[in-house]
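> Dumping the structure here so I can ask a few things about it.
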Amino acid sequence: MDTKNNLSDAAVANAAADDGDDIANRKYPAVPMYGPCNVRDLKPGTVKYWCACGLSRRQPWCDGSHKGTGIKPIRWVVPESQSLYQICNCKYTKNPPHCDATHVYLPTEVLHRKATCENKSSHVDTCKLCTQCGWVPDF
Ligand code: FES
């Protein structure tokens with residue numbers, strides 16, 4: 001599977017913003033959950049920050065845990081009165097913060113990337129996130 005073509009726009013945007021589109025320095029987020037969060041009763045006009053690194057303990061929203069990863073949260077203004085939003089919690093959607101079903105085929109891709117990560121030998125020394133593959137210590 002070609003993981004490059006399966007990257008979400010959010011992941012690509014994070015990589016491009018930090019590293020000038022250098023594929024070798026692309027950043028992969030952690031996957032908190034392989035499926036969306038159902039979020040109800042958001043007030044239109046409210047500003048939310050969607051966690052893009054996958055490390056927040058307040059999923060799907062940012063709690064500042066991205067600091068030091070080079071991945072930044074995505075600002076989202078709640079657009080309209082809607083009773084239910086399905087917010088991406090795998091962090092690989094192509095339409096953040098909304099789930100676009102990318103999570104369906106993601107587990108195989110993530111397992112392969114972690115197993116073949118060039119940085120694998122130093123994962124135990126990684127304090128919070130290996131952005132080369134998305135590896136994190138147990139939550
Ligand atoms: S939870 Fe991320 S695309 Fe569905």
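The chains in the structure tokens are called A, B, ... from first to last as shown; in each chain the residues are counted from 1, and the ligands are counted from 1 in the order shown.
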Residues of range 43-127 of chain A that have any atom at most 7 Å from an atom of range 26-31 of chain A: could you tabulate them with the shortest-distance atom pair and the distance in Å to one decimal, using only C-alpha atoms, ordered by chain and increasing number, as a tab-separated table?


```
residue	atom	partner	partner_atom	distance
A:Ala52	CA	A:Pro29	CA	6.7
A:Cys53	CA	A:Pro29	CA	4.5
A:Gly54	CA	A:Ala30	CA	4.6
A:Leu55	CA	A:Ala30	CA	6.5
A:Cys90	CA	A:Val31	CA	4.8
A:Lys91	CA	A:Val31	CA	6.3
```

> Please identify every residue of chain A that has at least one atom no farther than 6 Å from an atom of ligand 1, counting only C-alpha atoms and all ligand atoms, and for each give the shortest atom pair and the distance in Å to one decimal, arranged by chain then increasing number, as CSV.


```
residue,atom,partner,partner_atom_place_in_ligand_line,distance
A:Tyr34,CA,ligand 1,1 (S),5.7
A:Gly35,CA,ligand 1,1 (S),3.7
A:Pro36,CA,ligand 1,1 (S),3.8
A:Cys88,CA,ligand 1,1 (S),3.7
A:Asn89,CA,ligand 1,1 (S),4.4
A:Cys90,CA,ligand 1,2 (Fe),3.9
A:Lys91,CA,ligand 1,2 (Fe),5.2
A:Tyr92,CA,ligand 1,2 (Fe),5.3
A:Thr93,CA,ligand 1,3 (S),4.1
A:Cys99,CA,ligand 1,4 (Fe),3.9
A:Asp100,CA,ligand 1,3 (S),4.5
A:Ala101,CA,ligand 1,4 (Fe),4.2
A:Thr102,CA,ligand 1,3 (S),4.0
A:His103,CA,ligand 1,3 (S),4.5
```

> Write a file of the selected residues as a CSV table (one decimal), in the first residue's frame, keeping N, CA and C atoms.


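Final output, saved to again-v8.csv:
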```csv
chain,number,residue,atom,x,y,z
A,34,TYR,N,-10.0,4.4,16.0
A,34,TYR,CA,-10.3,4.2,14.6
A,34,TYR,C,-11.8,4.4,14.3
A,35,GLY,N,-12.2,5.5,14.5
A,35,GLY,CA,-13.6,5.9,14.3
A,35,GLY,C,-13.9,7.2,14.9
A,36,PRO,N,-15.1,7.8,14.5
A,36,PRO,CA,-15.4,9.2,14.9
A,36,PRO,C,-16.0,9.3,16.3
A,88,CYS,N,-13.8,13.5,13.3
A,88,CYS,CA,-12.8,12.5,13.1
A,88,CYS,C,-11.9,12.3,14.4
A,89,ASN,N,-11.7,11.1,14.7
A,89,ASN,CA,-10.8,10.8,15.9
A,89,ASN,C,-9.7,9.9,15.5
A,90,CYS,N,-9.5,9.6,14.2
A,90,CYS,CA,-8.4,8.9,13.8
A,90,CYS,C,-7.2,9.8,13.3
A,91,LYS,N,-7.6,11.0,13.0
A,91,LYS,CA,-6.7,12.1,12.7
A,91,LYS,C,-6.2,12.0,11.2
A,92,TYR,N,-6.8,11.2,10.4
A,92,TYR,CA,-6.3,11.1,9.0
A,92,TYR,C,-7.4,11.5,8.0
A,93,THR,N,-8.5,12.1,8.5
A,93,THR,CA,-9.5,12.5,7.5
A,93,THR,C,-9.0,13.5,6.5
A,99,CYS,N,-15.4,13.4,10.0
A,99,CYS,CA,-15.0,12.0,9.6
A,99,CYS,C,-15.4,11.8,8.1
A,100,ASP,N,-14.5,11.3,7.3
A,100,ASP,CA,-14.8,11.0,5.9
A,100,ASP,C,-14.6,9.5,5.6
A,101,ALA,N,-14.6,8.7,6.7
A,101,ALA,CA,-14.4,7.2,6.6
A,101,ALA,C,-13.0,6.8,6.2
A,102,THR,N,-12.0,7.6,6.2
A,102,THR,CA,-10.7,7.2,6.0
A,102,THR,C,-10.2,6.2,7.1
A,103,HIS,N,-10.8,6.2,8.2
A,103,HIS,CA,-10.5,5.3,9.3
A,103,HIS,C,-10.7,3.8,8.9
```

> For Thr69 in chain A, list every protein, DNA or RNA residue within 8 Å, evaluated using only C-alpha atoms, and leave out those in the same chain fewer than 2 positions away; present the list as a list in words.

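Listing them by chain and then by number gives Cys53, His66, Lys67, Ile71, Leu129 and Thr131 of chain A.
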
> Record the distance separating CA of Ser56 in chain A and CA of Cys127 in chain A, expressed in Å with one decimal.

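One can read the CA of Ser56 in chain A to CA of Cys127 in chain A distance as 14.6 Å.
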
> Just asking: which residues within range 12-87 of chain A are alpha helix (DSSP H) according to DSSP, as a ChimeraX atom specification?

/A:12-19

> With a distance cut-off of 7 Å and only C-alpha atoms, select the neighbouring residues of Val47 in chain A, excluding the residue or stretch itself and same-chain residues fewer than 3 positions from it, and output the selection as JSON, numbers by chain.

{"A": [75, 76, 77, 78]}
